[in-house]
Every structure is written in structure tokens, then in C-alpha cells.
$ cat run.cif   # mmCIF, C-alpha atoms (C1' of nucleotides)
data_query
loop_
_atom_site.label_atom_id
_atom_site.label_comp_id
_atom_site.auth_asym_id
_atom_site.auth_seq_id
_atom_site.Cartn_x
_atom_site.Cartn_y
_atom_site.Cartn_z
CA MET Z 15 3.57 -6.87 -15.38
CA THR Z 16 2.43 -6.62 -18.96
CA ASP Z 17 2.88 -3.00 -19.98
CA SER Z 18 6.35 -2.03 -21.09
CA VAL Z 19 6.00 1.69 -21.73
CA GLU Z 20 5.83 4.01 -18.73
CA PRO Z 21 4.76 7.67 -18.68
CA ALA Z 22 8.35 8.85 -18.85
CA SER Z 23 11.00 8.53 -16.19
CA VAL Z 24 9.49 8.28 -12.80
CA GLN Z 25 12.19 9.46 -10.49
CA GLY Z 26 15.31 11.58 -10.53
CA SER Z 27 18.04 9.43 -9.10
CA VAL Z 28 17.17 7.68 -5.91
CA GLY Z 29 20.06 5.45 -4.93
CA GLN Z 30 23.78 5.81 -4.46
CA GLY Z 31 24.59 5.28 -0.82
CA SER Z 32 28.31 4.90 -0.32
CA VAL Z 33 30.64 7.37 -1.98
CA VAL Z 34 33.45 4.93 -2.67
CA GLN Z 35 32.43 1.82 -4.58
CA GLY Z 36 34.26 -0.60 -6.83
CA ARG Z 37 33.29 0.14 -10.41
CA GLY Z 38 31.91 -3.35 -10.82
CA GLN Z 39 29.23 -2.22 -8.36
CA ASP Z 40 27.52 0.13 -10.78
CA LYS Z 41 25.25 -2.77 -11.71
CA ARG Z 42 24.21 -2.88 -8.08
CA LYS Z 43 23.32 0.77 -8.29
CA ARG Z 44 21.43 0.24 -11.54
CA LEU Z 45 19.41 -2.52 -9.89
CA ILE Z 46 18.54 -0.32 -6.92
CA ASP Z 47 17.54 2.58 -9.16
CA ALA Z 48 15.40 0.31 -11.32
CA ALA Z 49 13.80 -1.21 -8.24
CA CYS Z 50 13.00 2.26 -6.85
CA GLN Z 51 11.18 3.23 -10.01
CA VAL Z 52 9.25 0.01 -10.56
CA PHE Z 53 8.36 -0.32 -6.88
CA TYR Z 54 7.03 3.23 -6.95
CA ALA Z 55 5.00 2.77 -10.10
CA HIS Z 56 3.59 -0.70 -9.50
CA GLY Z 57 4.10 -1.50 -5.83
CA VAL Z 58 6.61 -3.70 -4.04
CA GLU Z 59 4.53 -6.85 -3.82
CA ARG Z 60 3.47 -6.88 -7.42
CA THR Z 61 6.94 -6.21 -8.80
CA THR Z 62 8.94 -9.31 -9.64
CA LEU Z 63 12.70 -9.61 -9.70
CA ALA Z 64 12.36 -10.29 -13.41
CA ASP Z 65 10.69 -6.87 -13.83
CA ILE Z 66 13.54 -5.17 -12.01
CA ALA Z 67 16.22 -7.08 -13.87
CA ALA Z 68 14.60 -6.17 -17.19
CA ALA Z 69 14.31 -2.49 -16.21
CA ALA Z 70 17.99 -2.47 -15.25
CA GLY Z 71 19.05 -4.36 -18.38
CA ILE Z 72 20.50 -7.22 -16.35
CA PRO Z 73 19.70 -10.92 -16.62
CA LEU Z 74 17.56 -12.32 -13.84
CA GLY Z 75 20.10 -14.77 -12.48
CA ASN Z 76 22.69 -12.05 -12.01
CA VAL Z 77 20.45 -10.20 -9.56
CA TYR Z 78 21.27 -12.81 -6.93
CA TYR Z 79 24.94 -12.02 -7.13
CA TYR Z 80 24.16 -8.58 -5.67
CA PHE Z 81 21.18 -9.39 -3.45
CA LYS Z 82 20.65 -12.74 -1.79
CA THR Z 83 16.89 -12.28 -1.56
CA LYS Z 84 14.17 -9.91 -2.70
CA ASN Z 85 13.94 -8.62 0.85
CA ASP Z 86 17.60 -7.60 0.71
CA LEU Z 87 16.86 -5.55 -2.39
CA ILE Z 88 13.89 -3.92 -0.67
CA GLN Z 89 16.11 -2.94 2.24
CA ALA Z 90 18.63 -1.44 -0.16
CA VAL Z 91 15.84 0.56 -1.78
CA VAL Z 92 14.77 1.92 1.61
CA GLU Z 93 18.36 2.95 2.33
CA ALA Z 94 18.56 4.66 -1.06
CA HIS Z 95 15.40 6.63 -0.29
CA LEU Z 96 16.87 7.62 3.07
CA SER Z 97 20.05 8.86 1.40
CA GLU Z 98 18.14 10.92 -1.12
CA ALA Z 99 15.85 12.37 1.56
CA ARG Z 100 18.84 13.37 3.68
CA ALA Z 101 20.47 14.97 0.66
CA MET Z 102 17.34 16.91 -0.21
CA LEU Z 103 16.89 18.26 3.31
CA ALA Z 104 20.55 19.26 3.42
CA ALA Z 105 20.20 21.04 0.08
CA VAL Z 106 17.18 22.97 1.34
CA GLU Z 107 19.10 24.01 4.45
CA ALA Z 108 22.03 25.16 2.35
CA ALA Z 109 19.86 27.18 -0.02
CA HIS Z 110 17.73 29.01 2.55
CA ASP Z 111 18.59 30.86 5.73
CA GLY Z 112 15.52 31.04 7.94
CA PRO Z 113 13.45 28.10 9.20
CA LEU Z 114 10.33 29.50 7.58
CA GLY Z 115 11.98 29.78 4.17
CA ARG Z 116 13.28 26.26 4.53
CA LEU Z 117 9.89 24.81 5.39
CA LYS Z 118 8.26 26.62 2.50
CA ALA Z 119 11.04 25.56 0.14
CA LEU Z 120 10.55 21.93 1.05
CA PHE Z 121 6.84 22.00 0.39
CA GLY Z 122 7.26 24.08 -2.71
CA ALA Z 123 9.48 21.36 -4.13
CA LEU Z 124 6.82 18.78 -3.36
CA ALA Z 125 4.12 20.86 -5.03
CA ASP Z 126 6.27 20.90 -8.17
CA GLN Z 127 5.86 17.14 -8.36
CA SER Z 128 2.09 17.23 -8.08
CA GLU Z 129 1.57 15.45 -11.40
CA LEU Z 130 3.78 12.54 -10.39
CA ILE Z 131 2.34 12.34 -6.89
CA ALA Z 132 -1.22 12.42 -8.21
CA THR Z 133 -0.31 9.41 -10.34
CA TYR Z 134 1.69 7.25 -7.96
CA GLY Z 135 1.39 8.87 -4.51
CA CYS Z 136 4.19 10.11 -2.29
CA PRO Z 137 7.32 8.02 -3.02
CA GLN Z 138 8.21 7.73 0.64
CA GLY Z 139 4.68 7.55 2.00
CA SER Z 140 3.39 4.84 -0.29
CA LEU Z 141 6.52 2.79 0.31
CA CYS Z 142 6.07 3.06 4.09
CA THR Z 143 2.40 2.17 3.86
CA GLU Z 144 3.20 -0.87 1.78
CA LEU Z 145 6.15 -2.08 3.85
CA ASP Z 146 4.06 -1.61 6.98
CA LYS Z 147 1.96 -4.63 6.10
CA LEU Z 148 4.88 -6.83 5.15
CA PRO Z 149 5.79 -9.72 7.44
CA ASP Z 150 9.09 -8.54 8.94
CA GLY Z 151 7.61 -5.73 11.01
CA PRO Z 152 8.39 -1.99 11.10
CA GLY Z 153 12.00 -2.17 9.96
CA ARG Z 154 13.95 0.84 8.78
CA ALA Z 155 11.09 2.19 6.68
CA ALA Z 156 9.86 4.16 9.68
CA GLU Z 157 13.01 6.28 9.40
CA LEU Z 158 11.63 7.58 6.12
CA MET Z 159 8.88 9.35 8.03
CA ARG Z 160 10.92 10.21 11.10
CA LEU Z 161 13.50 12.01 9.00
CA PRO Z 162 11.30 14.83 7.59
CA LEU Z 163 9.30 14.89 10.82
CA ASP Z 164 12.35 15.55 12.97
CA TRP Z 165 13.68 18.03 10.44
CA ALA Z 166 10.43 20.00 10.45
CA GLU Z 167 10.39 19.92 14.23
CA ARG Z 168 13.86 21.47 14.35
CA GLN Z 169 12.71 24.25 12.03
CA PHE Z 170 9.70 25.07 14.20
CA SER Z 171 11.90 24.94 17.29
CA ALA Z 172 14.21 27.43 15.67
CA LEU Z 173 11.18 29.68 15.29
CA GLY Z 174 10.82 29.52 19.04
CA ARG Z 175 7.69 27.40 19.09
CA ALA Z 176 7.22 25.23 22.15
CA ASP Z 177 4.73 23.06 20.25
CA ALA Z 178 7.24 22.34 17.49
CA ARG Z 179 6.51 18.62 17.44
CA ASP Z 180 2.78 19.12 16.99
CA LEU Z 181 3.36 21.60 14.21
CA ALA Z 182 5.76 19.22 12.50
CA VAL Z 183 3.21 16.44 12.67
CA GLU Z 184 0.57 18.74 11.23
CA VAL Z 185 2.65 19.89 8.29
CA ILE Z 186 3.88 16.43 7.34
CA ALA Z 187 0.46 14.89 7.88
CA ARG Z 188 -1.15 17.47 5.63
CA TYR Z 189 1.32 16.64 2.89
CA GLN Z 190 0.99 12.88 3.29
CA GLY Z 191 -2.78 13.09 3.43
CA SER Z 192 -2.90 15.33 0.38
CA ALA Z 193 -0.79 12.80 -1.48
CA VAL Z 194 -3.18 9.99 -0.55
CA LEU Z 195 -6.19 12.02 -1.68
CA ALA Z 196 -4.55 13.35 -4.84
CA SER Z 197 -3.40 9.94 -6.00
CA THR Z 198 -6.65 8.19 -5.14
CA LEU Z 199 -8.69 10.83 -6.95
CA ARG Z 200 -6.03 11.34 -9.66
CA ASP Z 201 -6.22 15.09 -8.98
CA PRO Z 202 -2.92 17.01 -9.04
CA ASP Z 203 -4.79 20.26 -8.48
CA LEU Z 204 -5.91 19.09 -5.05
CA LEU Z 205 -2.26 18.76 -4.03
CA ALA Z 206 -1.36 22.15 -5.49
CA ARG Z 207 -4.20 23.91 -3.68
CA GLU Z 208 -3.49 22.28 -0.33
CA SER Z 209 0.23 23.06 -0.71
CA ALA Z 210 -0.61 26.72 -1.21
CA ARG Z 211 -2.83 26.69 1.86
CA VAL Z 212 -0.05 25.08 3.91
CA ALA Z 213 2.34 27.80 2.75
CA ALA Z 214 -0.12 30.49 3.81
CA TRP Z 215 -0.58 28.79 7.16
CA LEU Z 216 3.17 28.66 7.72
CA ASP Z 217 3.28 32.44 7.50
CA THR Z 218 0.80 32.75 10.33
CA VAL Z 219 2.75 30.28 12.48
CA SER Z 220 5.91 32.37 12.62
CA ALA Z 221 4.10 35.10 14.54
CA MET T 7 0.52 -16.31 5.53
CA THR T 8 1.91 -18.38 8.36
CA ASP T 9 0.57 -16.84 11.56
CA SER T 10 -2.87 -17.93 12.60
CA VAL T 11 -3.54 -15.86 15.69
CA GLU T 12 -4.36 -12.18 15.21
CA PRO T 13 -4.43 -9.46 17.89
CA ALA T 14 -8.18 -9.87 18.37
CA SER T 15 -10.89 -9.00 15.91
CA VAL T 16 -9.81 -6.30 13.57
CA GLN T 17 -13.05 -4.76 12.43
CA GLY T 18 -16.59 -4.37 13.54
CA SER T 19 -18.71 -5.58 10.69
CA VAL T 20 -17.77 -4.28 7.29
CA GLY T 21 -19.95 -5.91 4.69
CA GLN T 22 -23.66 -6.51 4.16
CA GLY T 23 -24.74 -4.61 1.10
CA SER T 24 -28.22 -5.67 0.05
CA VAL T 25 -30.93 -5.90 2.66
CA VAL T 26 -32.75 -8.85 1.14
CA GLN T 27 -30.63 -11.91 0.52
CA GLY T 28 -31.33 -15.61 0.28
CA ARG T 29 -30.14 -17.31 3.43
CA GLY T 30 -27.70 -19.40 1.44
CA GLN T 31 -25.87 -16.11 0.82
CA ASP T 32 -24.62 -15.73 4.37
CA LYS T 33 -21.51 -17.56 3.29
CA ARG T 34 -20.97 -14.83 0.78
CA LYS T 35 -21.19 -12.28 3.56
CA ARG T 36 -18.81 -14.28 5.73
CA LEU T 37 -16.31 -14.36 2.90
CA ILE T 38 -16.52 -10.60 2.40
CA ASP T 39 -16.16 -9.93 6.12
CA ALA T 40 -13.18 -12.25 6.35
CA ALA T 41 -11.59 -10.65 3.28
CA CYS T 42 -12.07 -7.17 4.79
CA GLN T 43 -10.23 -8.14 7.92
CA VAL T 44 -7.38 -10.06 6.33
CA PHE T 45 -6.91 -7.47 3.58
CA TYR T 46 -6.72 -4.79 6.24
CA ALA T 47 -4.23 -6.62 8.42
CA HIS T 48 -1.94 -8.08 5.75
CA GLY T 49 -2.66 -6.22 2.54
CA VAL T 50 -4.61 -7.22 -0.55
CA GLU T 51 -1.73 -8.52 -2.66
CA ARG T 52 -0.24 -10.69 0.02
CA THR T 53 -3.55 -12.23 1.05
CA THR T 54 -4.42 -15.47 -0.73
CA LEU T 55 -7.87 -16.85 -1.33
CA ALA T 56 -6.85 -19.75 0.90
CA ASP T 57 -6.25 -17.27 3.76
CA ILE T 58 -9.68 -15.77 3.29
CA ALA T 59 -11.40 -19.12 2.97
CA ALA T 60 -9.71 -20.31 6.18
CA ALA T 61 -10.68 -17.12 8.04
CA ALA T 62 -14.27 -17.57 6.93
CA GLY T 63 -14.31 -21.28 7.73
CA ILE T 64 -15.09 -22.22 4.15
CA PRO T 65 -13.19 -24.61 1.89
CA LEU T 66 -11.10 -22.98 -0.79
CA GLY T 67 -12.91 -24.42 -3.78
CA ASN T 68 -16.24 -23.09 -2.56
CA VAL T 69 -15.02 -19.50 -2.77
CA TYR T 70 -15.35 -19.66 -6.54
CA TYR T 71 -19.02 -20.41 -6.28
CA TYR T 72 -19.55 -16.91 -4.86
CA PHE T 73 -16.78 -14.99 -6.65
CA LYS T 74 -15.50 -15.88 -10.09
CA THR T 75 -12.08 -14.28 -9.49
CA LYS T 76 -10.08 -12.71 -6.71
CA ASN T 77 -10.70 -9.32 -8.32
CA ASP T 78 -14.44 -9.84 -7.97
CA LEU T 79 -13.96 -10.42 -4.26
CA ILE T 80 -11.86 -7.25 -4.00
CA GLN T 81 -14.62 -5.28 -5.68
CA ALA T 82 -17.14 -6.72 -3.23
CA VAL T 83 -14.89 -5.66 -0.35
CA VAL T 84 -14.74 -2.12 -1.71
CA GLU T 85 -18.53 -2.03 -1.95
CA ALA T 86 -18.79 -3.29 1.62
CA HIS T 87 -16.50 -0.51 2.82
CA LEU T 88 -18.62 2.00 0.92
CA SER T 89 -21.79 0.71 2.56
CA GLU T 90 -20.29 0.91 6.01
CA ALA T 91 -18.91 4.39 5.41
CA ARG T 92 -22.30 5.63 4.22
CA ALA T 93 -23.93 4.09 7.27
CA MET T 94 -21.45 5.71 9.62
CA LEU T 95 -21.89 9.17 8.09
CA ALA T 96 -25.66 8.77 8.25
CA ALA T 97 -25.43 7.75 11.90
CA VAL T 98 -23.34 10.81 12.71
CA GLU T 99 -25.84 13.05 10.96
CA ALA T 100 -28.69 11.47 12.89
CA ALA T 101 -26.98 11.83 16.25
CA HIS T 102 -25.84 15.45 15.94
CA ASP T 103 -27.62 18.59 14.86
CA GLY T 104 -25.05 21.17 13.80
CA PRO T 105 -22.38 20.74 11.11
CA LEU T 106 -19.65 21.48 13.63
CA GLY T 107 -20.86 18.82 16.04
CA ARG T 108 -21.07 16.36 13.19
CA LEU T 109 -17.53 17.03 12.01
CA LYS T 110 -16.18 16.71 15.52
CA ALA T 111 -18.17 13.55 16.11
CA LEU T 112 -16.73 11.94 13.02
CA PHE T 113 -13.15 12.64 13.99
CA GLY T 114 -13.79 11.75 17.58
CA ALA T 115 -14.88 8.32 16.44
CA LEU T 116 -11.70 7.98 14.45
CA ALA T 117 -9.56 8.98 17.41
CA ASP T 118 -11.21 6.20 19.41
CA GLN T 119 -9.65 3.73 16.99
CA SER T 120 -6.16 5.11 17.35
CA GLU T 121 -4.70 1.82 18.54
CA LEU T 122 -6.03 -0.06 15.54
CA ILE T 123 -5.06 2.66 13.08
CA ALA T 124 -1.55 2.87 14.53
CA THR T 125 -1.22 -0.84 13.85
CA TYR T 126 -2.75 -1.21 10.40
CA GLY T 127 -3.39 2.31 9.12
CA CYS T 128 -6.70 3.79 8.03
CA PRO T 129 -8.93 0.97 6.71
CA GLN T 130 -10.16 3.03 3.79
CA GLY T 131 -6.95 4.93 3.14
CA SER T 132 -4.62 1.96 3.08
CA LEU T 133 -7.03 0.08 0.83
CA CYS T 134 -7.18 3.00 -1.61
CA THR T 135 -3.40 3.37 -1.61
CA GLU T 136 -2.98 -0.30 -2.32
CA LEU T 137 -5.66 -0.58 -5.01
CA ASP T 138 -4.24 2.53 -6.65
CA LYS T 139 -1.23 0.58 -7.86
CA LEU T 140 -3.20 -2.40 -9.06
CA PRO T 141 -3.49 -3.01 -12.81
CA ASP T 142 -7.15 -2.19 -13.46
CA GLY T 143 -6.88 1.52 -12.81
CA PRO T 144 -8.74 3.79 -10.36
CA GLY T 145 -11.95 1.81 -10.12
CA ARG T 146 -14.58 2.39 -7.46
CA ALA T 147 -11.99 2.69 -4.70
CA ALA T 148 -11.79 6.42 -5.32
CA GLU T 149 -15.35 6.66 -4.05
CA LEU T 150 -14.05 5.67 -0.63
CA MET T 151 -12.23 8.99 -0.42
CA ARG T 152 -14.80 11.05 -2.28
CA LEU T 153 -17.52 10.00 0.14
CA PRO T 154 -16.12 11.55 3.36
CA LEU T 155 -14.66 14.43 1.36
CA ASP T 156 -18.02 15.42 -0.10
CA TRP T 157 -19.70 14.89 3.24
CA ALA T 158 -17.24 17.20 5.02
CA GLU T 159 -17.64 19.75 2.26
CA ARG T 160 -21.40 19.78 2.82
CA GLN T 161 -20.86 20.37 6.54
CA PHE T 162 -18.56 23.33 5.93
CA SER T 163 -20.98 24.71 3.36
CA ALA T 164 -23.72 24.51 5.95
CA LEU T 165 -21.48 26.64 8.16
CA GLY T 166 -21.58 29.25 5.42
CA ARG T 167 -17.98 28.85 4.32
CA ALA T 168 -17.26 29.67 0.68
CA ASP T 169 -14.02 27.69 0.86
CA ALA T 170 -15.82 24.56 2.01
CA ARG T 171 -14.00 22.29 -0.43
CA ASP T 172 -10.57 23.44 0.71
CA LEU T 173 -11.52 22.99 4.33
CA ALA T 174 -12.85 19.51 3.61
CA VAL T 175 -9.61 18.58 1.89
CA GLU T 176 -7.64 19.91 4.83
CA VAL T 177 -9.57 18.00 7.45
CA ILE T 178 -9.56 14.70 5.58
CA ALA T 179 -5.93 15.09 4.57
CA ARG T 180 -4.90 15.72 8.16
CA TYR T 181 -6.65 12.54 9.22
CA GLN T 182 -5.25 10.45 6.37
CA GLY T 183 -1.77 11.84 6.91
CA SER T 184 -1.94 11.23 10.64
CA ALA T 185 -2.94 7.66 9.93
CA VAL T 186 0.07 7.18 7.65
CA LEU T 187 2.42 8.65 10.24
CA ALA T 188 0.87 6.84 13.20
CA SER T 189 0.97 3.45 11.51
CA THR T 190 4.46 3.88 10.12
CA LEU T 191 5.81 4.99 13.49
CA ARG T 192 3.49 2.66 15.43
CA ASP T 193 2.45 5.63 17.55
CA PRO T 194 -1.25 5.84 18.50
CA ASP T 195 -0.54 8.94 20.59
CA LEU T 196 0.43 10.87 17.48
CA LEU T 197 -3.03 10.24 16.06
CA ALA T 198 -4.73 11.19 19.32
CA ARG T 199 -2.81 14.46 19.61
CA GLU T 200 -3.43 15.47 16.02
CA SER T 201 -7.11 14.60 16.35
CA ALA T 202 -7.37 16.91 19.34
CA ARG T 203 -5.66 19.69 17.42
CA VAL T 204 -8.05 19.21 14.50
CA ALA T 205 -10.99 19.45 16.89
CA ALA T 206 -9.61 22.70 18.31
CA TRP T 207 -9.07 24.03 14.82
CA LEU T 208 -12.66 23.20 13.86
CA ASP T 209 -13.89 25.51 16.61
CA THR T 210 -11.99 28.42 15.11
CA VAL T 211 -13.35 27.66 11.63
CA SER T 212 -16.99 28.17 12.59
CA ALA T 213 -16.38 31.83 13.35
"C1'" DG B 13 -24.79 -25.84 -3.32
"C1'" DT B 14 -20.73 -27.94 -1.26
"C1'" DC B 15 -16.29 -29.76 -1.23
"C1'" DT B 16 -11.79 -32.55 -2.79
"C1'" DA B 17 -8.34 -32.92 -5.79
"C1'" DT B 18 -5.55 -31.09 -9.03
"C1'" DA B 19 -4.25 -28.55 -13.23
"C1'" DG B 20 -1.45 -24.73 -14.86
"C1'" DC B 21 1.21 -20.94 -14.12
"C1'" DC B 22 4.55 -18.00 -12.40
"C1'" DA B 23 7.71 -16.13 -9.00
"C1'" DG B 24 11.79 -16.68 -5.97
"C1'" DA B 25 15.81 -18.94 -5.70
"C1'" DT B 26 19.76 -22.19 -7.19
"C1'" DA B 27 23.25 -24.81 -10.08
"C1'" DG B 28 26.76 -24.57 -12.60
"C1'" DA B 29 28.90 -23.48 -17.37
"C1'" DC B 30 31.61 -19.78 -19.06
"C1'" DG X 27 31.70 -11.73 -12.22
"C1'" DT X 28 28.26 -12.94 -15.68
"C1'" DC X 29 24.55 -15.45 -17.53
"C1'" DT X 30 21.38 -19.69 -18.97
"C1'" DA X 31 18.67 -23.16 -17.57
"C1'" DT X 32 16.01 -25.06 -14.22
"C1'" DC X 33 14.12 -26.54 -9.71
"C1'" DT X 34 10.61 -25.84 -6.24
"C1'" DG X 35 6.73 -24.10 -4.01
"C1'" DG X 36 2.63 -21.72 -3.76
"C1'" DC X 37 -1.31 -19.42 -5.69
"C1'" DT X 38 -5.37 -18.79 -8.88
"C1'" DA X 39 -8.59 -21.22 -10.99
"C1'" DT X 40 -11.07 -25.51 -12.70
"C1'" DA X 41 -13.03 -30.33 -12.93
"C1'" DG X 42 -16.04 -33.03 -11.30
"C1'" DA X 43 -17.85 -36.24 -7.39
"C1'" DC X 44 -21.36 -35.78 -4.01
#

$ encode --input "run.cif" --output "C-alpha cells"
Amino acid sequence: MTDSVEPASVQGSVGQGSVVQGRGQDKRKRLIDAACQVFYAHGVERTTLADIAAAAGIPLGNVYYYFKTKNDLIQAVVEAHLSEARAMLAAVEAAHDGPLGRLKALFGALADQSELIATYGCPQGSLCTELDKLPDGPGRAAELMRLPLDWAERQFSALGRADARDLAVEVIARYQGSAVLASTLRDPDLLARESARVAAWLDTVSA
Amino acid sequence: MTDSVEPASVQGSVGQGSVVQGRGQDKRKRLIDAACQVFYAHGVERTTLADIAAAAGIPLGNVYYYFKTKNDLIQAVVEAHLSEARAMLAAVEAAHDGPLGRLKALFGALADQSELIATYGCPQGSLCTELDKLPDGPGRAAELMRLPLDWAERQFSALGRADARDLAVEVIARYQGSAVLASTLRDPDLLARESARVAAWLDTVSA
DNA sequence: GTCTATAGCCAGATAGAC
DNA sequence: GTCTATCTGGCTATAGAC
């Protein structure tokens, strides 16, 4: 890791799992947030604990007071992503009444991040892809895909579709695939166009 | 890298760029083939040159006679993937007459690899995702996505569709996304089902 | 061209003072 | 709880015999 300046803040605020936490633990949260951002921008493997400690403004040795190993930190980052994903889905449900509006709201929010996604890929998807090839097997990262998949399936079920699972797979796959293409080709417009086409398709599905 | 036994051969024969090559260069080819497989199974970052040398049955020091740096080997692997992809698309074009048959043939071939893809992801897609976050920028890896994308676009254009580019993006994105989901969830059936739905969708597009 | 031995570096992890 | 200094191992890359 040689570059020190990043193209502005990379993520909102992934992290913060438990509501009640001793106030000494805010360094733990800072470490997780820093790890989320640096992992996303540069990849898990390539990121060193020194990078994360520097990004969090914490000396390297102190990291081991909060996380015994790098793998422990990675697990904590996955949990933080899960928490944020759950919160986002809950917020979408609270803000919209019908299943169709909710589905479109979710993908509208993703389209708003097209610049970021075209630079670094889908935060959840690229993490899953990377963790997939790590030694310890599937792990909890799979939950990161199951969560939006199951959520989308429930929305399609609420629309009365018997093929809700297939539709959920299609909609999530189209987003994940668009993210892969957009980031590989560095083309945010590709993601925006495909998002619009997915929205149009969703309207035809409700019938 | 500690494990030595893999679940059988991982790829057919990625590699072999130039037709004419001195017969001392078959070690170079063996190294590229070995790198393709080990990169695919364990990821580029995690794979060491010692892993590749061992897989190719070549002593570590000798690797540097053929490739000055690890990055050079990575580039050679990308070129090998490009060659194989071009060959596969050419074979599909030779074996099928109409654009629709060609598109369906391509995705049928992918569905046949669902077990492998559900284990390690899409060979091209996971490589692109991983190289995306490496230091040297986009590089030639983007070509790996542009190649099938442009090819699909030509097929849809031949069908007389004005929105050929959008349709190409959709079909490739659905495959790439399915690969991400299938490998994350370790579910080959997901890929098979979505492939079938893409095939059905292709029939409606021709109209 | 091939291979052994090893230099040099850097990352994960620990020891222990404060 | 916090931080400095350091150990240890492994990986890229090189030197140089054959």
C-alpha cells in the first residue's frame, strides 16, 4: 500500500453491531470501519493490519487487543456488513408500502452509487467473491448474499408470484453482474442503464 | 498453500498463445497452465510462485527464466484466458448458424460447468474482479469482459435489435451475477435454473 | 537452459514497558 | 488499556554453480 490519498470517503458507516458497548470499545468500531473501507478499496488479501491501523489512527500493536488475528477482524467486518444490509432493507420496508415500490427503491438506491460501484465493485459482492477463495471455507459471508435474496423473494411472494425465488435470483444476479461489468470496464453508465432496465422489467412482473 | 490434493483438474487447457514456439518453451506453457488453475482455485494474491512451480513440476528458481516478475506471469495468464475465450466464441460461431442458436449454445456450455462455477466462480469474472483491485489499474483484464460482451452485442444486432448493447449487457450480467451467487452459496442448481430462464428469455427476444 | 541456495523484505503476531 | 520494539516465517527475487 503506497498511496495515501483516496478518492474521498468510500463508505457511509458500515459497522456498529451491538447497541450497548463500553465506551472504550469505540476504537474497536473505528478499526472495523477502517477495515471495511480499505478492504473494499484494495481487497482483503492485499490490505495489511498496518494499513488498517493507520487508517483508524491506532498503533499497530493495539489492534491485537481488539482482534486476536486478522481473520477475526475479517469476521467482524462481515458482521458489520450484515448489520448494515439488514438496516437498509428495514429502512426500505419502512419507507415504502408495496412490494414493487420496495424492490424499485432498493435498486434505485444502488443506482445512486454507480460511480462508487464502477470503481470498486459491489461492496458485498466483491467481499463474498474474495472470501470465497480464502482457506476457511464458505463461512458467514454467504449470508451477505442470502439476505437480499431472501428479502427479494418475500417481496415477489407478496406480489403473488409462485416463481418468487427465480425472480429474486434474476434481480439480484442482474445487479451483481452489472456491478462486475461496470467495475471491470470502469463504466458507471452501464450500471445506470441496466438499473433502469431492471426497474422497467419489475413493472411488467407485477402483472 | 498447504493442501496438495485438488478436487480433480480444474480447467481444460487455458493457455497456448502463439502457434509457433521453440520446443524449450513448453515449460513456459506448463507454467501458464498451472498458474491458470491455481489462480482460479485459490486466488491470484494468495497463490505463491512456489505453488505454481510445484503444480507445474518445475523448480522455483527456474520460473524467473520465463517470467521476470509475478506480474508478468499474471499478464500471461490473462492473455491465455483471452486466447481461450476467442477460440470458444469462434467454435460456437462455427457450430451454429443463427445468432439465437449461437447465444443459446454459449450459455448452454456455461451451464454444463455449473459444478465448477459453483465451487470457484466464473473463471474470467473472478479473475477480473480480483485484478480490478490490484495496484496497476485496469490493464488488459477488462478485455476479458469486453470480448463476450461485444460478441453478444453482434449476435443481437444480427437479430435486428436496435438495443443490442443493452441486451448483451443483460445476458452477460445475468451470467456473471449467477456465478457470483452460485459460488457464494455453493449452489450449482441456482446457476442451472437461471441459465434455463435466460434461454427461455432469449426465445422471446428474437420476436 | 536448468536448478540450488539464499538474500532481502515485509506481514502477522508477541513481549512487555507504561 | 495503550503503545513500542521486535521476533518469526514466508514470499519475491537474485546469484551463481552446473

$ interface_residues --input "run.cif" --of "chain Z" --to "chain B" --cutoff "8 Å" --atoms "all atoms listed in the file" --output "short mmCIF file (atom, residue, chain, number, x, y, z; two decimals) with C-alpha atoms, in the frame of the given file"
data_model
loop_
_atom_site.label_atom_id
_atom_site.label_comp_id
_atom_site.auth_asym_id
_atom_site.auth_seq_id
_atom_site.Cartn_x
_atom_site.Cartn_y
_atom_site.Cartn_z
CA THR Z 62 8.94 -9.31 -9.64
CA THR Z 83 16.89 -12.28 -1.56
CA LYS Z 84 14.17 -9.91 -2.70
#

$ residues_near_point --input "run.cif" --point "(-10.3, -22.4, -11.1)" --cutoff "9 Å" --atoms "only C-alpha atoms (C1' of nucleotides)" --output "PDB file with C-alpha atoms (C1' of nucleotides), in the frame of the given file"
ATOM      1  CA  GLY T  67     -12.910 -24.420  -3.780  1.00  0.00           C
ATOM      2  CA  TYR T  70     -15.350 -19.660  -6.540  1.00  0.00           C
ATOM      3  CA  LYS T  74     -15.500 -15.880 -10.090  1.00  0.00           C
ATOM      4  CA  THR T  75     -12.080 -14.280  -9.490  1.00  0.00           C
TER       5      THR T  75
ATOM      6  C1'  DA B  19      -4.250 -28.550 -13.230  1.00  0.00           C
TER       7       DA B  19
ATOM      8  C1'  DT X  38      -5.370 -18.790  -8.880  1.00  0.00           C
ATOM      9  C1'  DA X  39      -8.590 -21.220 -10.990  1.00  0.00           C
ATOM     10  C1'  DT X  40     -11.070 -25.510 -12.700  1.00  0.00           C
ATOM     11  C1'  DA X  41     -13.030 -30.330 -12.930  1.00  0.00           C
TER      12       DA X  41
END

$ resolve_selection --input "run.cif" --expression "the PyMOL selection byres ((chain T) within 9 of (chain Z))" --output "NGL selection string"
:T and (7 or 46-49 or 51-52 or 125-127 or 131-132 or 134-141 or 144 or 147-149 or 151-152 or 172 or 175-187 or 189-192 or 196 or 199-200 or 203)

$ residues_around --input "run.cif" --residues "Ala206 (chain Z)" --least-positions-apart "6" --cutoff "9 Å" --atoms "only C-alpha atoms (C1' of nucleotides)" --output "tab-separated table (two decimals) with C-alpha atoms, in the frame of the given file"
chain	number	residue	atom	x	y	z
Z	125	ALA	CA	4.12	20.86	-5.03
Z	126	ASP	CA	6.27	20.90	-8.17
Z	128	SER	CA	2.09	17.23	-8.08

$ interface_residues --input "run.cif" --of "chain Z" --to "chain X" --cutoff "10 Å" --atoms "all atoms listed in the file" --output "tab-separated table (two decimals) with C-alpha atoms, keeping the file's coordinate frame"
chain	number	residue	atom	x	y	z
Z	38	GLY	CA	31.91	-3.35	-10.82
Z	72	ILE	CA	20.50	-7.22	-16.35
Z	73	PRO	CA	19.70	-10.92	-16.62
Z	74	LEU	CA	17.56	-12.32	-13.84
Z	75	GLY	CA	20.10	-14.77	-12.48
Z	76	ASN	CA	22.69	-12.05	-12.01
Z	79	TYR	CA	24.94	-12.02	-7.13

$ atom_distance --input "run.cif" --atom1 "CA of Leu153 (chain T)" --atom2 "CA of Glu129 (chain Z)"
23.0 Å

$ axis_aligned_box --input "run.cif" --around "region 63-79 of chain T" --padding-each-side "4 Å" --output "lines of an AutoDock Vina configuration file"
center_x = -14.8
center_y = -17.0
center_z = -1.2
size_x = 17.5
size_y = 23.3
size_z = 25.8

$ resolve_selection --input "run.cif" --expression "the PyMOL selection byres ((chain T and resi 36) around 12)" --output "JSON, numbers by chain"
{"T": [19, 20, 21, 22, 29, 30, 31, 32, 33, 34, 35, 37, 38, 39, 40, 41, 42, 43, 58, 59, 60, 61, 62, 63, 64, 69, 72, 79, 82, 83, 86]}

$ atom_distance --input "run.cif" --atom1 "CA of Ala109 (chain Z)" --atom2 "CA of Gln169 (chain Z)"
14.3 Å

$ atom_distance --input "run.cif" --atom1 "CA of Leu114 (chain Z)" --atom2 "CA of Ala101 (chain Z)"
19.0 Å
